[in-house]
Amino acid sequence: MQNQQANTQIQKTNPLVTFIVTYYNLPIPMLCECINSILALSLSSDEREIIVVDDGSETSPMNGLMQYGTDILYVRQQHLGVSVARNNALRMAHGQFIQFVDGDDCLLKEPYNHCLDLIQNSQQPIDVVMFDFTKTLPIKNKESYHDSALINGSEYMRNHTIHGAVWGCLFRQAVRSELEFTPGIEYGEDEEFTAQLMVRAEVVCITDAQAYYYRQRKASAVHQLNDNKKAKRLNDSLEVIVKLHLMEDRLPHTDRLALQRRVAQLTMDYIYNTIMLTHSRKALDSCLEELRQQGLFPLPDRDYTQKYKWFRRMTNSSMGRTILLNALPLMKKER
């Protein structure tokens with residue numbers, strides 16, 4: 001009986017998954033929809049932990065959260081940004097695995113249960129499950145999902161383009177170790193975290209299950225496009241790229257190759273976003289000169305993807321850059 005009680009206590013204090021929900025000035029029904037989507041999953045109360053971190057919202061959502069009782073832990077902090085909010089929650093988390101969820105998004109029951117099945121039923125312990133997402137609802141649940149063979153994270157990143165959003169993966173807390181988000185970075189903080197997480201992961205599974213609903217809102221930080229926000233977005237992105245670039249030489253050869261690919265892709269995205277946000281030749285030239293000084297431009301001559309090879313050729317000439325400045329704003333942005 002004593003052993004049984006001890007095991008029960010361990011299970012309660014060490015759940016399978018800690019869900020970290022970050023919240024800032026959102027409609028409370030939207031936050032409740034997010035929490036409800038977690039509660040609907042195939043996890044018992046002992047198997048899950050839900051931490052809601054309020055990043056100093058103008059109005060506390062506490063009244064709307066009373067209905068959840070002990071199902072959630074609500075934490076309110078001074079408004080210091082999503083990176084600090086996530087770090088604070090990580091330090092409190094007891095789960096074997098971590099799942100980040102933005103408070104205006106949702107997890108999708110059947111596809112996410114498939115991700116849970118992967119970590120619970122795999123013969124080899126999985127460190128990271130990377131899954132797909134959707135921007136539209138409802139989705140048609142598949143009868144079966146396509147899952148990759150288990151692969152080393154660094155090996156996967158050397159040969160594939162990853163989606164850098166940290167909410168797109170369910171990962172083992174032990175793999176994270178002391179890895180945290182950089183305070184003050186509001187744009188691109190996911191890219192810095194996810195790239196390092198993948199390099200650390202020994203066993204990764206990639207699934208096509210669309211397990212996450214990414215809600216597009218004009219009021220979200222990504223869609224706030226005044227001049228100050230544009231400058232902040234570009235500056236944060238560059239800071240992340242430079243930080244990852246400086247890490248490369250400290251890594252073993254195979255990990256270095258993986259991170260070099262990711263840095264090159266992020267640098268391409270940074271040049272693309274400079275064009276799309278500024279429509280300015282002066283800003284583009286300044287961007288490329290800064291990258292050149294950091295050893296990041298010209299883009300490395302690698303066969304990463306057809307898009308990468310095309311973009312590299314175009315940015316290497318004055319005429320190509322002129323074409324990009326005029327053509328890219330007319331093209332439909334990719335998913």
# chains A, B, ... in the order shown; residues from 1 in each chain; ligands from 1
>>> residues_around(residues="region 88-102 of chain A", least_positions_apart="6", cutoff="10 Å", atoms="only C-alpha atoms", output="PyMOL selection string")
chain A and resi 11-24+31+34-35+38+47-53+73+75+77+82+119+127-128+165-176+178-180+212-215
>>> write_last_selection(atoms="N, CA and C atoms", output="short mmCIF file (atom, residue, chain, number, x, y, z; two decimals), in the first residue's frame")
data_model
loop_
_atom_site.label_atom_id
_atom_site.label_comp_id
_atom_site.auth_asym_id
_atom_site.auth_seq_id
_atom_site.Cartn_x
_atom_site.Cartn_y
_atom_site.Cartn_z
N GLN A 11 3.23 10.15 -9.81
CA GLN A 11 2.51 10.41 -11.05
C GLN A 11 1.86 11.79 -11.03
N LYS A 12 1.36 12.19 -9.87
CA LYS A 12 0.71 13.49 -9.78
C LYS A 12 1.72 14.63 -9.89
N THR A 13 2.89 14.45 -9.29
CA THR A 13 3.86 15.53 -9.31
C THR A 13 4.75 15.50 -10.54
N ASN A 14 4.72 14.38 -11.30
CA ASN A 14 5.51 14.25 -12.52
C ASN A 14 4.61 13.81 -13.66
N PRO A 15 3.77 14.71 -14.15
CA PRO A 15 2.85 14.33 -15.22
C PRO A 15 3.59 14.04 -16.51
N LEU A 16 2.91 13.45 -17.45
CA LEU A 16 3.52 13.15 -18.74
C LEU A 16 3.84 14.44 -19.48
N VAL A 17 2.87 15.37 -19.54
CA VAL A 17 3.06 16.60 -20.33
C VAL A 17 2.67 17.83 -19.51
N THR A 18 3.53 18.83 -19.54
CA THR A 18 3.18 20.16 -19.04
C THR A 18 2.84 21.03 -20.24
N PHE A 19 1.64 21.58 -20.25
CA PHE A 19 1.21 22.50 -21.30
C PHE A 19 1.40 23.92 -20.78
N ILE A 20 2.22 24.69 -21.47
CA ILE A 20 2.50 26.06 -21.07
C ILE A 20 1.75 27.00 -22.00
N VAL A 21 0.76 27.70 -21.44
CA VAL A 21 -0.10 28.59 -22.21
C VAL A 21 0.28 30.03 -21.88
N THR A 22 0.72 30.78 -22.86
CA THR A 22 1.07 32.19 -22.64
C THR A 22 -0.10 33.07 -23.07
N TYR A 23 -0.35 34.11 -22.26
CA TYR A 23 -1.53 34.94 -22.43
C TYR A 23 -1.17 36.40 -22.24
N TYR A 24 -1.69 37.24 -23.15
CA TYR A 24 -1.52 38.69 -22.98
C TYR A 24 -2.63 39.43 -23.72
N LEU A 31 -9.06 32.36 -24.65
CA LEU A 31 -8.18 31.63 -23.73
C LEU A 31 -8.87 30.37 -23.22
N CYS A 34 -8.77 27.66 -25.71
CA CYS A 34 -7.44 27.05 -25.72
C CYS A 34 -7.32 26.01 -24.60
N ILE A 35 -7.70 26.39 -23.39
CA ILE A 35 -7.61 25.47 -22.25
C ILE A 35 -8.52 24.26 -22.46
N ILE A 38 -7.06 21.54 -24.49
CA ILE A 38 -6.08 20.71 -23.77
C ILE A 38 -6.80 19.69 -22.89
N GLU A 47 -1.93 12.98 -15.62
CA GLU A 47 -0.96 12.91 -16.72
C GLU A 47 -0.66 14.26 -17.34
N ARG A 48 -1.39 15.29 -16.93
CA ARG A 48 -1.19 16.60 -17.54
C ARG A 48 -1.02 17.66 -16.46
N GLU A 49 -0.34 18.71 -16.86
CA GLU A 49 -0.18 19.91 -16.04
C GLU A 49 -0.37 21.09 -16.97
N ILE A 50 -1.22 22.04 -16.59
CA ILE A 50 -1.48 23.21 -17.43
C ILE A 50 -1.07 24.45 -16.66
N ILE A 51 -0.09 25.16 -17.19
CA ILE A 51 0.37 26.41 -16.58
C ILE A 51 0.00 27.55 -17.50
N VAL A 52 -0.84 28.46 -17.02
CA VAL A 52 -1.24 29.64 -17.77
C VAL A 52 -0.43 30.82 -17.24
N VAL A 53 0.39 31.42 -18.10
CA VAL A 53 1.21 32.55 -17.69
C VAL A 53 0.66 33.83 -18.31
N LEU A 73 -2.81 25.92 -13.35
CA LEU A 73 -2.04 26.80 -12.47
C LEU A 73 -1.92 28.14 -13.19
N VAL A 75 -0.48 31.92 -13.35
CA VAL A 75 0.63 32.74 -12.87
C VAL A 75 0.57 34.09 -13.58
N GLN A 77 2.59 37.74 -14.14
CA GLN A 77 3.88 38.41 -14.02
C GLN A 77 3.78 39.83 -14.56
N VAL A 82 6.95 37.46 -24.00
CA VAL A 82 6.65 36.03 -24.06
C VAL A 82 7.85 35.18 -23.69
N ILE A 119 4.71 9.24 -28.29
CA ILE A 119 5.66 9.27 -27.16
C ILE A 119 5.36 8.19 -26.14
N ASP A 127 12.53 11.96 -28.12
CA ASP A 127 12.85 13.25 -27.50
C ASP A 127 11.97 14.37 -28.01
N VAL A 128 11.68 14.37 -29.32
CA VAL A 128 10.89 15.44 -29.94
C VAL A 128 9.93 14.84 -30.97
N ALA A 165 8.52 27.32 -35.34
CA ALA A 165 7.62 27.68 -34.24
C ALA A 165 7.72 26.65 -33.12
N VAL A 166 7.97 27.11 -31.90
CA VAL A 166 8.19 26.19 -30.80
C VAL A 166 6.93 25.44 -30.42
N TRP A 167 5.75 26.00 -30.75
CA TRP A 167 4.52 25.28 -30.46
C TRP A 167 4.30 24.11 -31.42
N GLY A 168 5.16 23.97 -32.41
CA GLY A 168 5.02 22.88 -33.38
C GLY A 168 5.71 21.60 -32.96
N CYS A 169 6.15 21.54 -31.71
CA CYS A 169 6.80 20.30 -31.28
C CYS A 169 6.49 19.99 -29.82
N LEU A 170 6.39 18.71 -29.55
CA LEU A 170 6.22 18.17 -28.20
C LEU A 170 7.58 17.60 -27.82
N PHE A 171 8.21 18.14 -26.78
CA PHE A 171 9.60 17.74 -26.54
C PHE A 171 9.84 17.35 -25.09
N ARG A 172 10.84 16.50 -24.92
CA ARG A 172 11.20 15.98 -23.60
C ARG A 172 11.95 17.06 -22.82
N GLN A 173 11.51 17.28 -21.61
CA GLN A 173 12.10 18.31 -20.76
C GLN A 173 13.60 18.08 -20.53
N ALA A 174 14.00 16.82 -20.39
CA ALA A 174 15.40 16.51 -20.12
C ALA A 174 16.31 16.91 -21.28
N VAL A 175 15.79 16.89 -22.49
CA VAL A 175 16.58 17.29 -23.66
C VAL A 175 16.85 18.79 -23.64
N ARG A 176 15.87 19.55 -23.19
CA ARG A 176 16.03 21.00 -23.07
C ARG A 176 17.16 21.35 -22.12
N GLU A 178 19.13 23.17 -19.71
CA GLU A 178 19.10 24.56 -19.25
C GLU A 178 18.73 25.54 -20.37
N LEU A 179 18.36 25.03 -21.53
CA LEU A 179 18.03 25.90 -22.66
C LEU A 179 16.78 26.74 -22.35
N GLU A 180 16.88 28.05 -22.57
CA GLU A 180 15.76 28.95 -22.34
C GLU A 180 15.67 29.96 -23.49
N TYR A 212 -2.20 21.34 -34.42
CA TYR A 212 -2.22 22.68 -33.82
C TYR A 212 -2.98 23.63 -34.73
N TYR A 213 -3.91 24.37 -34.13
CA TYR A 213 -4.64 25.41 -34.86
C TYR A 213 -4.00 26.76 -34.57
N TYR A 214 -3.36 27.31 -35.60
CA TYR A 214 -2.71 28.61 -35.49
C TYR A 214 -3.69 29.68 -35.96
N ARG A 215 -4.21 30.41 -35.00
CA ARG A 215 -5.24 31.41 -35.30
C ARG A 215 -4.57 32.71 -35.78
#
>>> residues_around(residues="region 234-251 of chain A", least_positions_apart="6", cutoff="6 Å", atoms="only C-alpha atoms", output="count of residues only")
4
>>> atom_distance(atom1="CA of Asn159 (chain A)", atom2="CA of Tyr304 (chain A)")
7.5 Å
>>> closest_residue(among="A:Asp285, A:Glu189, A:Glu33, A:Glu155", to="Cys106 (chain A)", atoms="only C-alpha atoms")
A:Glu33
>>> select_by_dssp(residues="region 80-308 of chain A", states="alpha helix (DSSP H)", output="ChimeraX atom specification")
/A:82-92,109-121,153-159,173-176,189-200,227-247,253-278,281-293,306-308
>>> atom_distance(atom1="CA of Ser318 (chain A)", atom2="CA of Leu330 (chain A)")
19.4 Å
>>> closest_residue(among="A:Asp117, A:Asp105, A:Asp255, A:Asp46", to="Ala201 (chain A)", atoms="only C-alpha atoms")
A:Asp255
>>> closest_residue(among="A:Asn326, A:Ser45, A:Ser317, A:Ser37", to="Asp71 (chain A)", atoms="only C-alpha atoms")
A:Ser45
>>> residues_around(residues="Tyr68 (chain A)", least_positions_apart="4", cutoff="10 Å", atoms="only C-alpha atoms", output="list in words")
Cys32, Ile35, Asn36, Leu39, Gly64, Ile72 and Leu73 of chain A
>>> residues_around(residues="Pro61 (chain A)", least_positions_apart="3", cutoff="10 Å", atoms="only C-alpha atoms", output="PyMOL selection string")
chain A and resi 23-29+31-32+54+57-58+64-66+74+76
>>> residues_around(residues="Pro329 (chain A)", least_positions_apart="6", cutoff="9 Å", atoms="only C-alpha atoms", output="PyMOL selection string")
chain A and resi 275-276+279
>>> write_last_selection(atoms="C-alpha atoms", output="mmCIF file, in the first residue's frame")
data_model
loop_
_atom_site.group_PDB
_atom_site.id
_atom_site.type_symbol
_atom_site.label_atom_id
_atom_site.label_comp_id
_atom_site.auth_asym_id
_atom_site.auth_seq_id
_atom_site.Cartn_x
_atom_site.Cartn_y
_atom_site.Cartn_z
ATOM 1 C CA ILE A 275 12.260 43.488 -48.718
ATOM 2 C CA MET A 276 8.651 42.783 -47.763
ATOM 3 C CA HIS A 279 10.215 47.990 -49.933
#
